[in-house]
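Here the structure comes first, spelled out in structure tokens, and everything after it is commentary.
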Amino acid sequence: MKSSNPDLAVWEKEYARLREQLGQVGWISEGYVQDRGPGAGGPCYQWTRKVRGKTVSVALSREQYEWLREAIAHWRQVQTTLRQMQRLSRQVLFASVRHPPRRKKLGKRTLGLI
């Protein structure tokens with residue numbers, strides 16, 4: 001996939017950085033956690049997520065709430081990093097791999113670059 005494109009080295013370096021960033025992520029989980037404040041009988045912590053299109057909620061202890069809150073933050077970080085990797089991959093693809101002739105240039109939105 002070597003090309004004469006001078007940006008390719010910069011893109012490869014950025015992609016390697018993103019890959020390394022993924023490797024440093026801790027535990028992950030989908031969903032949302034809430035500290036619903038004191039309720040009947042004490043504090044109320046809740047984890048909510050979608051399962052087959054239905055919302056499922058689970059009561060949590062404070063320790064579970066703290067653990068899941070961090071895992072969900074990691075999950076969001078992973079999703080952001082993956083979106084950046086996808087955008088960068090498409091940028092490299094359309095800049096360095098031969099494509100069919102076109103009547104007009106494809107826009108950034110069409111290529112998924114923005």
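Convention: chains lettered A, B, ... in structure tokens order; per-chain residue numbering from 1; ligands numbered from 1 as shown.
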
All residues 8 Å or closer to stretch 11-22 of chain A, only C-alpha atoms, same chain fewer than 6 positions away omitted, as a CSV table (one decimal) with N, CA and C atoms, in the first residue's frame:
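Just written: around.csv:
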```csv
chain,number,residue,atom,x,y,z
A,78,VAL,N,-13.3,4.2,23.8
A,78,VAL,CA,-13.1,3.3,22.8
A,78,VAL,C,-13.9,3.6,21.5
A,81,THR,N,-12.3,6.6,19.7
A,81,THR,CA,-11.1,6.2,19.1
A,81,THR,C,-11.4,5.4,17.8
A,84,GLN,N,-12.4,7.6,15.0
A,84,GLN,CA,-11.2,8.3,14.5
A,84,GLN,C,-10.4,7.4,13.5
A,85,MET,N,-10.3,6.1,14.0
A,85,MET,CA,-9.6,5.1,13.1
A,85,MET,C,-10.3,4.8,11.8
A,88,LEU,N,-9.8,7.9,9.5
A,88,LEU,CA,-8.4,7.9,9.0
A,88,LEU,C,-8.2,6.8,8.0
A,92,VAL,N,-7.0,7.4,4.1
A,92,VAL,CA,-5.9,6.7,3.4
A,92,VAL,C,-6.4,5.9,2.2
```

Which residues in stretch 66-111 of chain A does DSSP call alpha helix (DSSP H)? List them as a PyMOL selection string.
chain A and resi 66-96+108-111

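Selecting strand (DSSP E or B) from the backbone DSSP output for stretch 15-61 of chain A yields A:Tyr32, A:Val33, A:Gln34, A:Asp35, A:Arg36, A:Gly37, A:Pro38, A:Gly39, A:Gly42, A:Pro43, A:Cys44, A:Tyr45, A:Gln46, A:Trp47, A:Thr48, A:Arg49, A:Lys50, A:Val51, A:Lys54, A:Thr55, A:Val56, A:Ser57, A:Val58, A:Ala59, A:Leu60.
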
Take the selection from the previous step and output its residues with N, CA and C atoms, as a PDB file, in the first residue's frame.
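Written output follows (again_8.pdb):
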```pdb
ATOM      1  N   TYR A  32     -25.597   3.159  30.979  1.00  0.00           N
ATOM      2  CA  TYR A  32     -25.552   4.407  31.733  1.00  0.00           C
ATOM      3  C   TYR A  32     -25.688   4.059  33.206  1.00  0.00           C
ATOM      4  N   VAL A  33     -25.014   4.799  34.062  1.00  0.00           N
ATOM      5  CA  VAL A  33     -25.193   4.631  35.498  1.00  0.00           C
ATOM      6  C   VAL A  33     -25.702   5.934  36.073  1.00  0.00           C
ATOM      7  N   GLN A  34     -26.499   5.810  37.129  1.00  0.00           N
ATOM      8  CA  GLN A  34     -27.077   6.982  37.773  1.00  0.00           C
ATOM      9  C   GLN A  34     -26.936   6.865  39.274  1.00  0.00           C
ATOM     10  N   ASP A  35     -26.625   7.978  39.890  1.00  0.00           N
ATOM     11  CA  ASP A  35     -26.707   8.101  41.340  1.00  0.00           C
ATOM     12  C   ASP A  35     -28.009   8.843  41.581  1.00  0.00           C
ATOM     13  N   ARG A  36     -29.025   8.109  41.971  1.00  0.00           N
ATOM     14  CA  ARG A  36     -30.362   8.688  42.109  1.00  0.00           C
ATOM     15  C   ARG A  36     -30.579   9.356  43.457  1.00  0.00           C
ATOM     16  N   GLY A  37     -29.502   9.475  44.226  1.00  0.00           N
ATOM     17  CA  GLY A  37     -29.614  10.138  45.521  1.00  0.00           C
ATOM     18  C   GLY A  37     -30.234   9.228  46.567  1.00  0.00           C
ATOM     19  N   PRO A  38     -30.399   9.753  47.766  1.00  0.00           N
ATOM     20  CA  PRO A  38     -30.968   8.929  48.821  1.00  0.00           C
ATOM     21  C   PRO A  38     -32.431   8.597  48.528  1.00  0.00           C
ATOM     22  N   GLY A  39     -32.750   7.353  48.711  1.00  0.00           N
ATOM     23  CA  GLY A  39     -34.130   6.908  48.505  1.00  0.00           C
ATOM     24  C   GLY A  39     -34.623   6.255  49.769  1.00  0.00           C
ATOM     25  N   GLY A  42     -31.901   4.250  51.894  1.00  0.00           N
ATOM     26  CA  GLY A  42     -30.502   4.538  51.594  1.00  0.00           C
ATOM     27  C   GLY A  42     -30.291   5.008  50.173  1.00  0.00           C
ATOM     28  N   PRO A  43     -29.013   5.179  49.769  1.00  0.00           N
ATOM     29  CA  PRO A  43     -28.702   5.666  48.432  1.00  0.00           C
ATOM     30  C   PRO A  43     -29.145   4.663  47.368  1.00  0.00           C
ATOM     31  N   CYS A  44     -29.424   5.175  46.186  1.00  0.00           N
ATOM     32  CA  CYS A  44     -29.909   4.329  45.093  1.00  0.00           C
ATOM     33  C   CYS A  44     -29.029   4.545  43.862  1.00  0.00           C
ATOM     34  N   TYR A  45     -28.345   3.485  43.455  1.00  0.00           N
ATOM     35  CA  TYR A  45     -27.500   3.527  42.261  1.00  0.00           C
ATOM     36  C   TYR A  45     -28.110   2.588  41.242  1.00  0.00           C
ATOM     37  N   GLN A  46     -28.057   2.996  39.968  1.00  0.00           N
ATOM     38  CA  GLN A  46     -28.729   2.220  38.937  1.00  0.00           C
ATOM     39  C   GLN A  46     -27.901   2.170  37.657  1.00  0.00           C
ATOM     40  N   TRP A  47     -27.910   1.018  37.010  1.00  0.00           N
ATOM     41  CA  TRP A  47     -27.278   0.812  35.707  1.00  0.00           C
ATOM     42  C   TRP A  47     -28.381   0.476  34.724  1.00  0.00           C
ATOM     43  N   THR A  48     -28.396   1.196  33.593  1.00  0.00           N
ATOM     44  CA  THR A  48     -29.422   1.017  32.575  1.00  0.00           C
ATOM     45  C   THR A  48     -28.754   0.764  31.240  1.00  0.00           C
ATOM     46  N   ARG A  49     -29.323  -0.171  30.480  1.00  0.00           N
ATOM     47  CA  ARG A  49     -28.809  -0.456  29.140  1.00  0.00           C
ATOM     48  C   ARG A  49     -29.940  -1.039  28.302  1.00  0.00           C
ATOM     49  N   LYS A  50     -29.710  -1.129  26.994  1.00  0.00           N
ATOM     50  CA  LYS A  50     -30.682  -1.718  26.072  1.00  0.00           C
ATOM     51  C   LYS A  50     -30.300  -3.164  25.802  1.00  0.00           C
ATOM     52  N   VAL A  51     -31.295  -4.049  25.873  1.00  0.00           N
ATOM     53  CA  VAL A  51     -31.128  -5.458  25.534  1.00  0.00           C
ATOM     54  C   VAL A  51     -32.256  -5.825  24.586  1.00  0.00           C
ATOM     55  N   LYS A  54     -35.108  -3.388  24.393  1.00  0.00           N
ATOM     56  CA  LYS A  54     -35.805  -3.094  25.649  1.00  0.00           C
ATOM     57  C   LYS A  54     -34.822  -2.506  26.653  1.00  0.00           C
ATOM     58  N   THR A  55     -35.296  -1.578  27.477  1.00  0.00           N
ATOM     59  CA  THR A  55     -34.462  -0.993  28.518  1.00  0.00           C
ATOM     60  C   THR A  55     -34.453  -1.909  29.732  1.00  0.00           C
ATOM     61  N   VAL A  56     -33.249  -2.211  30.204  1.00  0.00           N
ATOM     62  CA  VAL A  56     -33.070  -3.063  31.381  1.00  0.00           C
ATOM     63  C   VAL A  56     -32.323  -2.242  32.427  1.00  0.00           C
ATOM     64  N   SER A  57     -32.844  -2.247  33.657  1.00  0.00           N
ATOM     65  CA  SER A  57     -32.205  -1.518  34.754  1.00  0.00           C
ATOM     66  C   SER A  57     -31.848  -2.481  35.874  1.00  0.00           C
ATOM     67  N   VAL A  58     -30.701  -2.200  36.497  1.00  0.00           N
ATOM     68  CA  VAL A  58     -30.207  -3.037  37.581  1.00  0.00           C
ATOM     69  C   VAL A  58     -29.804  -2.134  38.744  1.00  0.00           C
ATOM     70  N   ALA A  59     -30.252  -2.489  39.954  1.00  0.00           N
ATOM     71  CA  ALA A  59     -29.823  -1.767  41.151  1.00  0.00           C
ATOM     72  C   ALA A  59     -28.388  -2.158  41.463  1.00  0.00           C
ATOM     73  N   LEU A  60     -27.603  -1.176  41.930  1.00  0.00           N
ATOM     74  CA  LEU A  60     -26.182  -1.399  42.186  1.00  0.00           C
ATOM     75  C   LEU A  60     -25.798  -0.973  43.593  1.00  0.00           C
TER      76      LEU A  60
END
```
